[in-house]
Structures are given as C-alpha cells and as structure tokens.
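Next comes start_30.txt, a file with compact mmCIF, C-alpha atoms.
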```
# COMPACT_ATOMS: atom_id res chain seq x y z
CA MET A 1 22.14 -24.08 11.49
CA ARG A 2 24.42 -23.48 8.51
CA ILE A 3 22.90 -21.62 5.60
CA ARG A 4 24.64 -21.55 2.25
CA HIS A 5 24.38 -18.34 0.22
CA GLN A 6 23.44 -20.12 -2.98
CA SER A 7 20.47 -21.79 -1.29
CA LEU A 8 18.90 -18.37 -0.82
CA ALA A 9 19.64 -16.94 -4.24
CA SER A 10 16.20 -17.77 -5.58
CA ALA A 11 14.64 -15.53 -2.96
CA ALA A 12 15.44 -12.64 -5.26
CA VAL A 13 13.18 -14.17 -7.88
CA ILE A 14 10.14 -14.67 -5.68
CA VAL A 15 10.32 -11.35 -3.84
CA ALA A 16 7.93 -8.95 -5.58
CA LEU A 17 8.02 -5.70 -3.64
CA ALA A 18 6.65 -3.21 -6.13
CA CYS A 19 5.45 -0.70 -3.54
CA THR A 20 6.63 2.07 -5.84
CA ASP A 21 4.61 1.66 -7.04
CA SER A 22 -5.48 11.37 4.08
CA THR A 23 -8.07 13.22 4.60
CA GLY A 24 -10.21 14.24 1.65
CA VAL A 25 -10.21 17.79 0.42
CA ALA A 26 -13.09 19.35 -1.47
CA PRO A 27 -12.61 19.86 -5.22
CA ILE A 28 -11.59 23.27 -6.51
CA SER A 29 -14.70 25.24 -7.44
CA ASN A 30 -13.15 27.27 -10.27
CA MET A 31 -11.36 24.41 -11.97
CA SER A 32 -10.64 26.22 -15.21
CA ALA A 33 -8.59 28.85 -13.39
CA THR A 34 -6.21 26.25 -11.96
CA LEU A 35 -5.59 24.10 -15.05
CA GLY A 36 -2.34 24.44 -16.90
CA LYS A 37 -1.78 23.80 -20.59
CA GLN A 38 -3.43 20.66 -21.92
CA THR A 39 -2.26 18.30 -24.62
CA VAL A 40 -4.74 16.16 -26.54
CA THR A 41 -3.98 12.90 -28.33
CA LEU A 42 -6.37 11.12 -30.68
CA PRO A 43 -5.17 7.49 -30.84
CA ALA A 44 -5.50 5.70 -34.15
CA THR A 45 -5.94 2.35 -32.43
CA GLY A 46 -6.95 0.99 -29.04
CA PRO A 47 -9.98 1.51 -26.84
CA PHE A 48 -9.62 5.27 -26.37
CA ALA A 49 -10.80 7.99 -28.71
CA ARG A 50 -9.24 10.90 -26.83
CA ILE A 51 -6.45 11.30 -24.28
CA VAL A 52 -6.10 14.61 -22.44
CA GLU A 53 -3.05 15.38 -20.31
CA GLY A 54 -2.34 18.48 -18.26
CA GLU A 55 -1.33 19.93 -14.92
CA ILE A 56 -3.29 21.03 -11.88
CA GLY A 57 -2.20 22.38 -8.53
CA PRO A 58 1.46 22.74 -7.58
CA GLY A 59 3.03 20.29 -10.00
CA ALA A 60 0.39 17.56 -10.17
CA LEU A 61 -0.05 16.02 -13.61
CA TYR A 62 -3.24 14.35 -14.77
CA ALA A 63 -4.50 12.22 -17.64
CA LEU A 64 -8.03 11.64 -18.90
CA TYR A 65 -8.77 8.66 -21.11
CA ILE A 66 -12.08 8.90 -22.98
CA PRO A 67 -13.14 5.63 -24.62
CA THR A 68 -14.41 5.29 -28.17
CA SER A 69 -17.68 3.83 -26.90
CA TRP A 70 -18.27 5.51 -23.53
CA ASN A 71 -20.69 3.66 -21.27
CA GLY A 72 -21.43 6.74 -19.16
CA ASP A 73 -19.35 5.67 -16.13
CA ALA A 74 -15.98 6.95 -14.91
CA ILE A 75 -13.06 5.55 -12.92
CA PHE A 76 -10.82 7.73 -10.74
CA TYR A 77 -7.50 6.03 -10.06
CA SER A 78 -5.23 6.51 -7.03
CA HIS A 79 -1.63 5.26 -7.38
CA GLY A 80 0.71 3.64 -4.86
CA VAL A 81 3.58 5.09 -2.87
CA ARG A 82 6.60 6.54 -4.69
CA ASP A 83 10.04 7.45 -3.43
CA VAL A 84 10.31 11.10 -2.48
CA ASP A 85 13.17 11.81 -4.87
CA SER A 86 11.61 10.05 -7.87
CA PRO A 87 9.99 12.09 -10.66
CA VAL A 88 6.45 13.39 -10.32
CA ASP A 89 4.99 11.81 -13.43
CA LEU A 90 2.22 9.68 -14.91
CA ARG A 91 4.18 6.41 -14.87
CA ASP A 92 2.85 2.91 -15.17
CA GLN A 93 2.85 1.41 -11.68
CA ASN A 94 1.55 -1.88 -10.30
CA GLY A 95 0.46 -2.80 -13.83
CA PHE A 96 -2.15 -0.03 -13.93
CA PHE A 97 -1.87 0.70 -17.66
CA ALA A 98 -2.89 -2.83 -18.56
CA VAL A 99 -5.91 -2.60 -16.23
CA ARG A 100 -6.73 0.86 -17.63
CA ASP A 101 -6.80 -0.47 -21.18
CA LEU A 102 -8.89 -3.51 -20.25
CA LEU A 103 -11.50 -1.33 -18.55
CA GLY A 104 -11.34 1.26 -21.33
CA ALA A 105 -12.33 -1.50 -23.72
CA GLN A 106 -15.40 -1.99 -21.52
CA GLY A 107 -16.36 1.66 -22.09
CA PHE A 108 -15.19 3.31 -18.86
CA ALA A 109 -13.72 6.81 -18.91
CA ILE A 110 -10.60 6.88 -16.72
CA ALA A 111 -8.87 9.74 -14.90
CA TYR A 112 -5.69 9.68 -12.83
CA SER A 113 -3.11 12.03 -11.37
CA SER A 114 0.54 12.02 -10.35
CA TRP A 115 -0.26 14.03 -7.16
CA SER A 116 1.92 17.03 -6.34
CA ASP A 117 4.31 15.17 -4.02
CA ASN A 118 5.74 11.70 -3.69
CA GLY A 119 6.25 9.77 -0.46
CA ILE A 120 3.59 9.19 2.20
CA ALA A 121 1.52 11.95 0.61
CA MET A 122 -1.91 10.92 1.88
CA LYS A 123 -3.33 14.43 2.21
CA ASP A 124 -2.13 15.63 -1.18
CA GLY A 125 -3.17 12.38 -2.83
CA ALA A 126 -6.73 12.67 -1.56
CA GLN A 127 -7.00 16.24 -2.79
CA ARG A 128 -5.61 15.52 -6.25
CA VAL A 129 -7.70 12.39 -6.82
CA HIS A 130 -10.88 14.14 -5.69
CA GLN A 131 -10.16 17.13 -7.94
CA LEU A 132 -10.17 14.80 -10.93
CA ARG A 133 -13.96 14.78 -10.72
CA GLY A 134 -14.13 18.43 -11.77
CA ILE A 135 -11.50 18.03 -14.49
CA LEU A 136 -13.19 15.03 -16.05
CA ALA A 137 -16.63 16.64 -15.81
CA GLY A 138 -15.26 19.61 -17.76
CA GLU A 139 -13.97 17.31 -20.48
CA LEU A 140 -17.23 15.31 -20.63
CA LYS A 141 -19.43 18.42 -20.38
CA GLY A 142 -21.10 17.02 -17.29
CA GLN A 143 -20.72 14.50 -14.50
CA PRO A 144 -20.65 10.80 -15.44
CA LYS A 145 -23.60 8.59 -14.66
CA ARG A 146 -21.59 6.73 -12.01
CA SER A 147 -18.17 7.34 -10.48
CA PHE A 148 -15.88 4.58 -9.21
CA LEU A 149 -12.59 4.62 -7.33
CA LEU A 150 -9.78 2.25 -8.26
CA ALA A 151 -6.54 2.11 -6.28
CA HIS A 152 -3.32 0.30 -5.46
CA SER A 153 -1.23 0.18 -2.26
CA LEU A 154 -0.97 3.59 -0.52
CA GLY A 155 -3.51 4.87 -3.02
CA SER A 156 -6.04 2.44 -1.57
CA GLY A 157 -5.74 4.27 1.74
CA VAL A 158 -6.29 7.55 -0.12
CA ALA A 159 -9.34 6.14 -1.92
CA LEU A 160 -10.74 4.69 1.31
CA ASP A 161 -10.40 8.11 2.90
CA LEU A 162 -12.43 9.60 0.03
CA VAL A 163 -15.06 6.87 0.48
CA GLN A 164 -15.35 7.75 4.18
CA THR A 165 -15.37 11.51 3.58
CA TYR A 166 -17.23 11.92 0.28
CA GLY A 167 -18.99 8.59 -0.06
CA LYS A 168 -22.10 10.05 -1.67
CA GLN A 169 -20.02 11.44 -4.55
CA TYR A 170 -18.81 7.97 -5.55
CA ASP A 171 -20.67 4.76 -6.32
CA GLY A 172 -18.13 2.06 -5.51
CA ALA A 173 -14.44 1.41 -4.87
CA LEU A 174 -11.97 -1.37 -5.69
CA LEU A 175 -9.01 -1.17 -3.28
CA MET A 176 -6.12 -3.47 -4.14
CA CYS A 177 -3.04 -4.48 -2.10
CA GLY A 178 -4.09 -1.59 0.07
CA LEU A 179 -2.98 0.35 3.10
CA VAL A 180 -6.56 -0.04 4.29
CA GLY A 181 -5.63 -0.69 7.93
CA GLY A 182 -4.09 2.76 8.18
CA THR A 183 -0.75 4.53 7.97
CA LEU A 184 0.09 3.94 11.62
CA LEU A 185 -0.42 0.18 11.33
CA GLU A 186 1.96 0.00 8.36
CA THR A 187 4.68 2.29 9.67
CA GLN A 188 4.78 0.69 13.14
CA TYR A 189 5.11 -2.78 11.60
CA ALA A 190 8.12 -1.72 9.50
CA ALA A 191 9.64 0.27 12.37
CA HIS A 192 9.37 -2.66 14.80
CA MET A 193 11.15 -4.79 12.23
CA ARG A 194 13.96 -2.25 11.87
CA ALA A 195 14.36 -1.87 15.66
CA LEU A 196 14.55 -5.64 16.11
CA PHE A 197 16.97 -6.06 13.21
CA ASP A 198 19.22 -3.37 14.73
CA ALA A 199 19.20 -5.23 18.05
CA PHE A 200 20.28 -8.48 16.41
CA PHE A 201 22.64 -6.92 13.87
CA PRO A 202 23.91 -3.61 15.32
CA GLY A 203 25.61 -1.30 12.85
CA THR A 204 24.52 -3.24 9.76
CA ILE A 205 22.20 -0.46 8.59
CA PRO A 206 23.20 3.21 8.98
CA GLY A 207 20.89 5.42 11.03
CA ASP A 208 18.01 4.10 13.07
CA VAL A 209 14.26 3.73 13.09
CA ILE A 210 13.63 7.49 13.05
CA SER A 211 16.06 8.64 10.38
CA VAL A 212 18.57 7.43 7.82
CA PRO A 213 21.65 9.48 6.81
CA PRO A 214 20.96 11.26 3.48
CA GLY A 215 22.35 9.36 0.53
CA THR A 216 22.37 6.00 2.33
CA PRO A 217 21.64 3.21 -0.17
CA VAL A 218 18.56 1.18 0.68
CA ILE A 219 19.41 -2.23 2.08
CA THR A 220 19.65 -4.96 -0.54
CA LEU A 221 18.41 -8.52 -0.52
CA PRO A 222 22.00 -9.92 -0.48
CA GLN A 223 22.68 -7.87 2.66
CA VAL A 224 19.63 -9.34 4.36
CA ILE A 225 20.65 -12.83 3.24
CA ALA A 226 24.13 -12.33 4.70
CA ALA A 227 22.67 -11.22 8.03
CA VAL A 228 20.33 -14.21 8.17
CA GLN A 229 23.20 -16.55 7.36
CA SER A 230 25.12 -15.23 10.35
CA ASN A 231 22.20 -15.72 12.74
CA PRO A 232 19.25 -17.74 11.38
CA LEU A 233 17.53 -17.73 14.78
CA ALA A 234 17.12 -13.96 14.45
CA LEU A 235 14.90 -14.47 11.41
CA PHE A 236 12.72 -17.05 13.16
CA THR A 237 12.44 -14.89 16.27
CA ILE A 238 11.38 -11.77 14.40
CA ALA A 239 8.93 -13.75 12.26
CA SER A 240 7.40 -15.37 15.37
CA LEU A 241 6.61 -12.14 17.24
CA THR A 242 3.11 -10.71 17.47
CA GLN A 243 4.51 -7.31 16.41
CA THR A 244 6.18 -8.57 13.22
CA PRO A 245 4.29 -11.54 11.71
CA LEU A 246 6.28 -11.92 8.49
CA PRO A 247 4.14 -13.20 5.60
CA TYR A 248 5.42 -16.37 3.98
CA VAL A 249 4.17 -19.00 1.56
CA PRO A 250 3.59 -22.26 3.48
CA MET A 251 5.35 -24.48 0.95
CA GLY A 252 8.05 -26.75 2.32
CA ASN A 253 9.73 -26.70 5.69
CA PRO A 254 10.31 -23.09 6.79
CA LEU A 255 13.51 -24.24 8.53
CA ASP A 256 14.92 -25.48 5.21
CA PRO A 257 16.81 -22.68 3.39
CA SER A 258 15.92 -24.20 0.02
CA SER A 259 12.18 -24.09 0.70
CA THR A 260 9.75 -21.48 -0.59
CA ALA A 261 8.59 -20.94 2.98
CA PHE A 262 12.06 -19.96 4.20
CA GLN A 263 12.86 -17.82 1.17
CA THR A 264 9.62 -15.85 1.40
CA LEU A 265 10.31 -15.25 5.11
CA VAL A 266 13.65 -13.72 4.10
CA GLY A 267 11.90 -11.72 1.39
CA SER A 268 9.38 -10.33 3.86
CA LEU A 269 12.14 -9.29 6.26
CA TYR A 270 13.79 -7.49 3.37
CA GLY A 271 10.45 -5.91 2.39
CA GLY A 272 9.87 -4.36 5.81
CA LEU A 273 13.44 -3.09 6.14
CA GLN A 274 13.59 -1.46 2.73
CA TYR A 275 10.19 0.21 3.29
CA GLN A 276 11.44 1.67 6.58
CA MET A 277 14.64 2.96 4.99
CA ARG A 278 12.88 4.49 2.00
CA PHE A 279 10.35 6.48 3.98
CA ALA A 280 11.80 7.14 7.45
CA ASN A 281 13.10 10.59 6.52
CA ASN A 282 9.90 11.41 4.66
CA LEU A 283 7.84 10.68 7.78
CA LEU A 284 10.25 12.78 9.84
CA ASP A 285 9.75 15.71 7.46
CA LEU A 286 5.97 15.33 7.55
CA THR A 287 5.98 15.49 11.36
CA HIS A 288 8.48 18.38 11.55
CA GLY A 289 11.30 16.30 12.99
CA HIS A 290 9.30 14.38 15.60
CA SER A 291 9.42 10.63 16.18
CA THR A 292 6.83 8.60 14.29
CA PHE A 293 7.47 5.36 16.18
CA ASP A 294 6.73 4.24 19.71
CA ASN A 295 7.89 1.05 21.37
CA SER A 296 8.53 2.66 24.75
CA THR A 297 6.09 0.35 26.51
CA THR A 298 6.14 -2.58 24.06
CA THR A 299 6.82 -6.03 25.43
CA TYR A 300 7.83 -8.15 22.47
CA SER A 301 6.16 -11.53 22.67
CA LEU A 302 5.78 -14.75 20.72
CA GLY A 303 2.66 -15.26 18.67
CA ALA A 304 0.43 -18.31 18.71
CA THR A 305 2.47 -20.30 16.17
CA PRO A 306 6.22 -19.65 16.59
CA PHE A 307 8.57 -21.20 14.05
CA LEU A 308 10.56 -22.98 16.76
CA PRO A 309 9.58 -24.23 20.25
CA PRO A 310 9.11 -21.40 22.76
CA ALA A 311 11.90 -22.89 24.88
CA VAL A 312 14.29 -22.14 22.00
CA LEU A 313 13.00 -18.69 21.08
CA GLN A 314 12.03 -17.22 24.45
CA PRO A 315 15.63 -16.47 25.52
CA LEU A 316 16.04 -14.50 22.29
CA VAL A 317 12.80 -12.64 22.96
CA ASN A 318 14.08 -11.81 26.43
CA PHE A 319 17.28 -10.52 24.84
CA LEU A 320 15.28 -8.30 22.49
CA ASN A 321 13.19 -6.79 25.27
CA ALA A 322 16.38 -5.91 27.14
CA ALA A 323 18.52 -4.79 24.19
CA VAL A 324 16.16 -3.16 21.68
CA LYS A 325 16.39 0.61 21.42
CA ARG A 326 13.30 2.33 22.78
CA TYR A 327 11.51 5.20 21.06
CA SER A 328 8.61 7.45 22.06
CA MET A 329 6.17 9.11 19.71
CA ASP A 330 5.38 12.79 20.05
CA PRO A 331 1.60 13.38 20.57
CA ALA A 332 1.52 15.67 17.55
CA SER A 333 3.06 12.91 15.44
CA MET A 334 0.49 10.43 16.69
CA ASN A 335 -2.30 12.84 15.78
CA PHE A 336 -0.83 13.34 12.31
CA MET A 337 -0.43 9.63 11.67
CA GLN A 338 -3.96 8.88 12.81
CA HIS A 339 -5.42 11.76 10.80
CA TYR A 340 -3.57 10.78 7.59
CA PHE A 341 -4.98 8.22 8.00
CA THR A 342 -6.89 5.67 10.12
CA PRO A 343 -10.01 3.93 8.79
CA ASN A 344 -13.19 4.61 10.73
CA GLY A 345 -15.29 2.01 8.92
CA ASN A 346 -17.86 4.57 7.78
CA LEU A 347 -18.67 2.99 4.44
CA GLN A 348 -21.61 4.36 2.48
CA ILE A 349 -20.99 2.62 -0.84
CA PRO A 350 -19.84 -0.85 -1.93
CA VAL A 351 -16.12 -1.40 -1.33
CA LEU A 352 -14.34 -4.47 -2.70
CA THR A 353 -10.80 -5.14 -1.50
CA LEU A 354 -8.34 -7.47 -3.23
CA HIS A 355 -5.11 -8.41 -1.49
CA ASN A 356 -2.29 -10.87 -2.06
CA THR A 357 -2.49 -13.57 0.58
CA TRP A 358 1.25 -13.20 1.21
CA ASP A 359 2.08 -9.54 0.69
CA PRO A 360 5.57 -8.67 2.02
CA GLY A 361 5.11 -4.92 1.56
CA VAL A 362 1.60 -4.23 2.85
CA PRO A 363 0.67 -7.43 4.71
CA ALA A 364 -2.87 -8.77 4.59
CA PHE A 365 -3.34 -7.95 8.28
CA HIS A 366 -4.49 -4.58 6.92
CA GLU A 367 -7.64 -6.37 5.79
CA THR A 368 -8.24 -7.66 9.33
CA ALA A 369 -7.91 -4.15 10.71
CA LEU A 370 -10.32 -2.76 8.11
CA LEU A 371 -12.86 -5.48 8.87
CA GLN A 372 -12.66 -4.63 12.58
CA ALA A 373 -13.31 -0.94 11.88
CA VAL A 374 -16.20 -1.72 9.53
CA THR A 375 -17.75 -4.18 12.00
CA THR A 376 -17.53 -1.60 14.78
CA ALA A 377 -19.21 0.96 12.52
CA GLY A 378 -21.90 -1.54 11.54
CA THR A 379 -21.34 -1.17 7.78
CA ASN A 380 -20.38 -4.74 6.85
CA GLN A 381 -22.99 -4.80 4.10
CA TYR A 382 -20.74 -2.46 2.09
CA LEU A 383 -17.50 -4.45 2.41
CA LEU A 384 -16.39 -7.46 0.38
CA GLN A 385 -12.84 -8.74 0.94
CA ARG A 386 -11.00 -11.11 -1.37
CA LEU A 387 -7.54 -12.67 -1.29
CA TYR A 388 -5.46 -13.59 -4.33
CA PRO A 389 -3.18 -16.55 -3.48
CA ALA A 390 0.25 -15.25 -4.53
CA TYR A 391 3.37 -13.84 -2.88
CA GLY A 392 4.23 -10.25 -3.67
CA HIS A 393 2.95 -6.71 -3.40
CA CYS A 394 0.19 -5.99 -5.92
CA ALA A 395 1.19 -9.25 -7.65
CA ILE A 396 -2.25 -9.70 -9.19
CA PRO A 397 -2.73 -10.24 -12.95
CA ALA A 398 -4.38 -7.40 -14.84
CA ASN A 399 -7.29 -9.57 -15.98
CA VAL A 400 -8.00 -10.57 -12.37
CA GLN A 401 -7.98 -6.93 -11.30
CA ALA A 402 -10.30 -5.99 -14.15
CA GLN A 403 -12.70 -8.84 -13.40
CA ASN A 404 -12.92 -7.81 -9.76
CA PHE A 405 -13.73 -4.29 -10.85
CA LEU A 406 -16.51 -5.60 -13.08
CA ASP A 407 -17.80 -7.62 -10.11
CA LEU A 408 -17.93 -4.36 -8.17
CA VAL A 409 -19.90 -2.71 -10.97
CA THR A 410 -22.35 -5.61 -10.99
CA TRP A 411 -22.74 -5.24 -7.21
CA VAL A 412 -23.48 -1.53 -7.58
CA THR A 413 -25.89 -2.17 -10.48
CA THR A 414 -27.87 -5.05 -8.98
CA LYS A 415 -27.39 -4.10 -5.29
CA ILE A 416 -26.63 -7.79 -4.69
CA LYS A 417 -23.34 -8.38 -2.89
CA PRO A 418 -21.22 -10.98 -4.76
CA ALA A 419 -19.87 -14.09 -3.15
CA SER A 420 -16.51 -13.66 -1.50
```
How does this structure look as structure tokens?
Amino acid sequence: MRIRHQSLASAAVIVALACTDSTGVAPISNMSATLGKQTVTLPATGPFARIVEGEIGPGALYALYIPTSWNGDAIFYSHGVRDVDSPVDLRDQNGFFAVRDLLGAQGFAIAYSSWSDNGIAMKDGAQRVHQLRGILAGELKGQPKRSFLLAHSLGSGVALDLVQTYGKQYDGALLMCGLVGGTLLETQYAAHMRALFDAFFPGTIPGDVISVPPGTPVITLPQVIAAVQSNPLALFTIASLTQTPLPYVPMGNPLDPSSTAFQTLVGSLYGGLQYQMRFANNLLDLTHGHSTFDNSTTTYSLGATPFLPPAVLQPLVNFLNAAVKRYSMDPASMNFMQHYFTPNGNLQIPVLTLHNTWDPGVPAFHETALLQAVTTAGTNQYLLQRLYPAYGHCAIPANVQAQNFLDLVTWVTTKIKPAS
C-alpha cells in the first residue's frame, strides 16, 4: 500500500490532543497559617463580584471566583495533566475559563488550584483540590450550601478519588474526558503502544518505554506519518490488538489514507506515543527509578474486529510477540500506580461522566473500566455516563459542559437520575 504524505496532512487538523491540559488528603486544619499573600480583584463587568488569588502549600496557587448573585453553592475544579517542566500557574486549560464564566453567571462560587507540582501528580492534586474547601469557606465566612466537583482529564481521576474518599463532603461530581479507569490503565495503554512502535520502527524514537533521554523532543505528527508511510501494516496491526485499541472516527474506509477513519487512527497512534514520551521520566521519578510497565507475560493478540483479515495480520502479531522488548514492573511500582490511583467504585454521591466518543489521549475505555468497578461495588445508582460524539481530548463545547453540570445539579436537587 502506497501512502502519499499529502493525503495525511489533514490529520494534523483533526487531532485534538489537549491533555495539557490519588489518594485524598484531609484539609489543613489551620488554614490561615498556611495561606500566602492574597490579591483581590473587583471586576467592573462579568458574572463575578470578587476574585481572590493566593498561594497555599509548597507553591500551589489558587483562585476563588465569587459571583455577583451567589446561589449558595460552590464548585471545586480539578485540572488536567501538565508537563513537568511547564509553569505552575492558573492557566486556562481544556476551555475551563469559558465553563467557569458560564457557571458563574448561574450563581456558583468557583475555586481552583494549580497544585504544587505538574506531571502525574495525583496525590498532590487531591490534597490541593480538597484544601480549597477550607480556603473558600474562609472567604465566604462559612461552608457553602452544596459543594460540587468539576474536572477534566487527569483531574477527573483526582476528583473521583475525592468522591471515593470524602464523598460525604461533596454533593456531586462532573468528570469530563477523565482518567476514571485509573492511572495504571492509561499508562499501560500508552506503554504498550510505545513498545510495539519500537518493535516495528527500531531507533525512530530515542530511549524506550521506561525512560527518554533528557531534552529529547516529543515525537511529532509528521514523524508518525512518515513511519506509517513506510509500513502501513504496522498501523493496522497495532490498532487491531486488544492491548492497543486505537480510537478512530468510523467515517470512510479506514484503509483509505484520505479518509477520516484512517487519519484519526494515525492521530491516535501519535496521541499515545507523545503521552508516553512526555511522562515516562516523570513516572520513573515518582517510583524512584523503578519500571512502571509490565509486558513480561503479555501475549499480544488480535481483537474481535481487526482492520484486515487475521490471515494478513497474524504473521505480524507473531513477529511482535517474538521481537517486542519485554519489561517487568517492580512490586513497589505496581503498588504506587494502583494507589495513585485505581477506582474502587465506592460512589456515595451522584457522579456524571462526559467523554468524547473518540478520545485519542484518554480513550473512552476508561468509562468501561469505571462502570465495571461501580457495578462490582453495587453503586450504579450514583453513576451516569454520557458520550459526546467528537474526536479529540476534552473536545467538548463549553455550553455542553455547562449544561451537563446543570443536569448534575438537577439530579442532586430532585434525587431523580437523568436520562443518559
């Protein structure tokens, strides 16, 4: 199969990988002693009467947005993953500011934090988000009537951890494009993809699954396109495996390089590889230099609906099982990854999840894993899962996010679970 470079150029347009977007820790009891200098802004226009910004903990920044007409409720926001070497700040990410302003116009007070660290900072994120309760209560001179969690991406895993640990302190949670199936599920998916890519294209990416040489540029979409051009069957093999089910939009023939289906397959391969490269060293640091990936006993196998006949792909699968580099995970690393974090399904309050149907960064199989955990725990009455039919990570319009949050509030108010 010959693939022309220009036929894949539009993949760059449709790939939306804005990832840049735990175990809960009790809030600090003497909050005033830990707060740094605050700045207060009184906006002349907009839905907010007062904006308070400050610092808490070792470098974590926070912002409190108090609406002009407060309805008595509060939202505590948990942001998505950020590259380790990016600034610790209160940036707009995953379109949160637009959602914040829409919900502020509805009368909700809103609090959010930068966290102290970037990267896969599940533990720190849970602590900083939970501490916002005390900070906001100090500003409001008392606890709000109801407290809600709102989150994107990695932050959805953080918020879910708080739901499981401190469910009685919150009233509901909207978890969007979330790592709700757990850290291990996400990191193993990306690591399998990197190991398989290395087997097909040795030496293309510096380093390996466990670590990347410092200063190595993250792989680009043109590099992935070039690799696929040289061996298209590699793409179809990886996408057909049970370990790496690449999300794609089923529009057009996936074997046609000009189709949306093919281009989103390429985009999803790129998404997994760039995630692995961005956070491999971070995971290694978090586990004190131990492996965070295990395929030592993995037999790579075709899924139920391979992109080509098994007779075509099975020889390539056999090649992978013989040639792929094998890794073993240290027990301490496994414990860390499971602890920070794996969902246990212990829901005590309404949780609404909203996920792109075709998410190349945090695939929707996270929702399947969450449902399995919740079903095992017997708490299905507290879970409502919705899909938004678009390709991308957190590619959900602000008005749709806001409406789903209002649906959650209605659920909490009426105690009637909305339709899916």
Between CA of Ser333 in chain A and CA of Met277 in chain A, measure the distance and give it in Å to one decimal.
18.5 Å
Measure the distance from CA of Ser114 in chain A to CA of Asp89 in chain A in Å and round it to one decimal.
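Straight-line distance from CA of Ser114 in chain A to CA of Asp89 in chain A works out to 5.4 Å.
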Please define a box with edges along x, y and z of the file around all atoms of range 193-204 of chain A given in the file, extend it by 5 Å on each side, and return its centre and edge lengths in Å to one decimal, as lines of an AutoDock Vina configuration file.
```
center_x = 18.4
center_y = -4.9
center_z = 13.9
size_x = 24.5
size_y = 17.2
size_z = 18.3
```
In Å to one decimal, how far is CA of Asp198 in chain A from CA of Thr242 in chain A?
17.9 Å
Point (-12.1, 9.4, -13.7) neighbourhood (6 Å, only C-alpha atoms) written as a short mmCIF file (atom, residue, chain, number, x, y, z; two decimals) with C-alpha atoms, keeping the file's coordinate frame:
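Result file is selection_36.cif:
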```cif
data_model
loop_
_atom_site.label_atom_id
_atom_site.label_comp_id
_atom_site.auth_asym_id
_atom_site.auth_seq_id
_atom_site.Cartn_x
_atom_site.Cartn_y
_atom_site.Cartn_z
CA ALA A 74 -15.98 6.95 -14.91
CA ILE A 75 -13.06 5.55 -12.92
CA PHE A 76 -10.82 7.73 -10.74
CA ILE A 110 -10.60 6.88 -16.72
CA ALA A 111 -8.87 9.74 -14.90
#
```
Hey, could you make a per-residue contact list for range 279-351 of chain A against range 118-132 of chain A with 8 Å as the cut-off, showing the nearest pair of atoms and its distance in Å to one decimal, counting all atoms listed in the file, sorted by chain and number, as a Markdown table?
```
| residue | atom | partner | partner_atom | distance |
| --- | --- | --- | --- | --- |
| A:Phe279 | CA | A:Gly119 | CA | 6.9 |
| A:Asn282 | CA | A:Gly119 | CA | 6.5 |
| A:Leu283 | CA | A:Ile120 | CA | 7.2 |
| A:Tyr340 | CA | A:Met122 | CA | 5.9 |
| A:Phe341 | CA | A:Met122 | CA | 7.4 |
```
Interface rows for range 73-175 of chain A against range 379-382 of chain A: nearest pair, Å to one decimal, 12 Å, only C-alpha atoms, as a tab-separated table:
```
residue	atom	partner	partner_atom	distance
A:Val163	CA	A:Tyr382	CA	11.0
A:Gln164	CA	A:Thr379	CA	11.3
A:Gly167	CA	A:Tyr382	CA	11.4
A:Asp171	CA	A:Tyr382	CA	11.1
A:Gly172	CA	A:Tyr382	CA	9.2
A:Ala173	CA	A:Tyr382	CA	10.2
A:Leu174	CA	A:Tyr382	CA	11.8
```
From the list A:Pro144, A:Gly155, A:Pro350, A:Gly252, which residue is nearest Trp411 in chain A when using all atoms listed in the file?
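Smallest distance to Trp411 in chain A is found for A:Pro350.
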Considering all atoms listed in the file, can you say which of A:Leu320, A:Leu241, A:Leu179, A:Ala398 comes closest to Gly361 in chain A?
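Among A:Leu320, A:Leu241, A:Leu179, A:Ala398, it is A:Leu179 that comes nearest to Gly361 in chain A.
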Could you check the closest approach to Val209 in chain A for each of A:Ser301, A:Phe236, A:Glu139, A:Ser328 and tell me which residue wins, using only C-alpha atoms?
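Checking each candidate against Val209 in chain A, we get A:Ser328 as the closest.
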Best match for closeness to Leu308 in chain A among A:Arg326, A:Leu371, A:Thr237, A:Ser291, counting only C-alpha atoms:
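Of A:Arg326, A:Leu371, A:Thr237, A:Ser291, the one nearest Leu308 in chain A, counting only C-alpha atoms, is A:Thr237.
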Have a look at A:Ile135, A:Phe97, A:Gln143, A:Pro58 and name the one nearest to Asp117 in chain A; count all atoms listed in the file.
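Smallest separation from Asp117 in chain A among the options: A:Pro58.
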Could you give me, as a ChimeraX atom specification, the residues within 9 Å of Phe200 in chain A, counting all atoms listed in the file and dropping anything in the same chain fewer than 5 positions from it?
/A:195,231,234,320,323-324
Can I get the selection written as a PDB file, in the coordinates of the input, with C-alpha atoms?
```pdb
ATOM      1  CA  ALA A 195      14.360  -1.870  15.660  1.00  0.00           C
ATOM      2  CA  ASN A 231      22.200 -15.720  12.740  1.00  0.00           C
ATOM      3  CA  ALA A 234      17.120 -13.960  14.450  1.00  0.00           C
ATOM      4  CA  LEU A 320      15.280  -8.300  22.490  1.00  0.00           C
ATOM      5  CA  ALA A 323      18.520  -4.790  24.190  1.00  0.00           C
ATOM      6  CA  VAL A 324      16.160  -3.160  21.680  1.00  0.00           C
TER       7      VAL A 324
END
```
From the list A:Tyr300, A:Tyr189, A:Tyr248, A:Tyr270, the nearest residue to Ala322 in chain A using all atoms listed in the file is A:Tyr300
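Within the 7 Å cut-off around range 190-193 of chain A, using only C-alpha atoms and omitting residues fewer than 5 positions from it on the same chain, the listed residues are Val209, Gln243, Thr244, Gly272, Leu273, Tyr275, Gln276 and Phe293 of chain A.
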Cut-off 12 Å around (-10.8, -8.9, -11.6) with all atoms listed in the file: residues as a short mmCIF file (atom, residue, chain, number, x, y, z; two decimals) with C-alpha atoms, keeping the file's coordinate frame:
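result.cif, freshly written:
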```
data_model
loop_
_atom_site.label_atom_id
_atom_site.label_comp_id
_atom_site.auth_asym_id
_atom_site.auth_seq_id
_atom_site.Cartn_x
_atom_site.Cartn_y
_atom_site.Cartn_z
CA VAL A 99 -5.91 -2.60 -16.23
CA LEU A 102 -8.89 -3.51 -20.25
CA LEU A 103 -11.50 -1.33 -18.55
CA LEU A 150 -9.78 2.25 -8.26
CA LEU A 174 -11.97 -1.37 -5.69
CA LEU A 175 -9.01 -1.17 -3.28
CA MET A 176 -6.12 -3.47 -4.14
CA LEU A 352 -14.34 -4.47 -2.70
CA THR A 353 -10.80 -5.14 -1.50
CA LEU A 354 -8.34 -7.47 -3.23
CA HIS A 355 -5.11 -8.41 -1.49
CA ARG A 386 -11.00 -11.11 -1.37
CA LEU A 387 -7.54 -12.67 -1.29
CA TYR A 388 -5.46 -13.59 -4.33
CA ILE A 396 -2.25 -9.70 -9.19
CA PRO A 397 -2.73 -10.24 -12.95
CA ALA A 398 -4.38 -7.40 -14.84
CA ASN A 399 -7.29 -9.57 -15.98
CA VAL A 400 -8.00 -10.57 -12.37
CA GLN A 401 -7.98 -6.93 -11.30
CA ALA A 402 -10.30 -5.99 -14.15
CA GLN A 403 -12.70 -8.84 -13.40
CA ASN A 404 -12.92 -7.81 -9.76
CA PHE A 405 -13.73 -4.29 -10.85
CA LEU A 406 -16.51 -5.60 -13.08
CA ASP A 407 -17.80 -7.62 -10.11
CA LEU A 408 -17.93 -4.36 -8.17
CA VAL A 409 -19.90 -2.71 -10.97
#
```
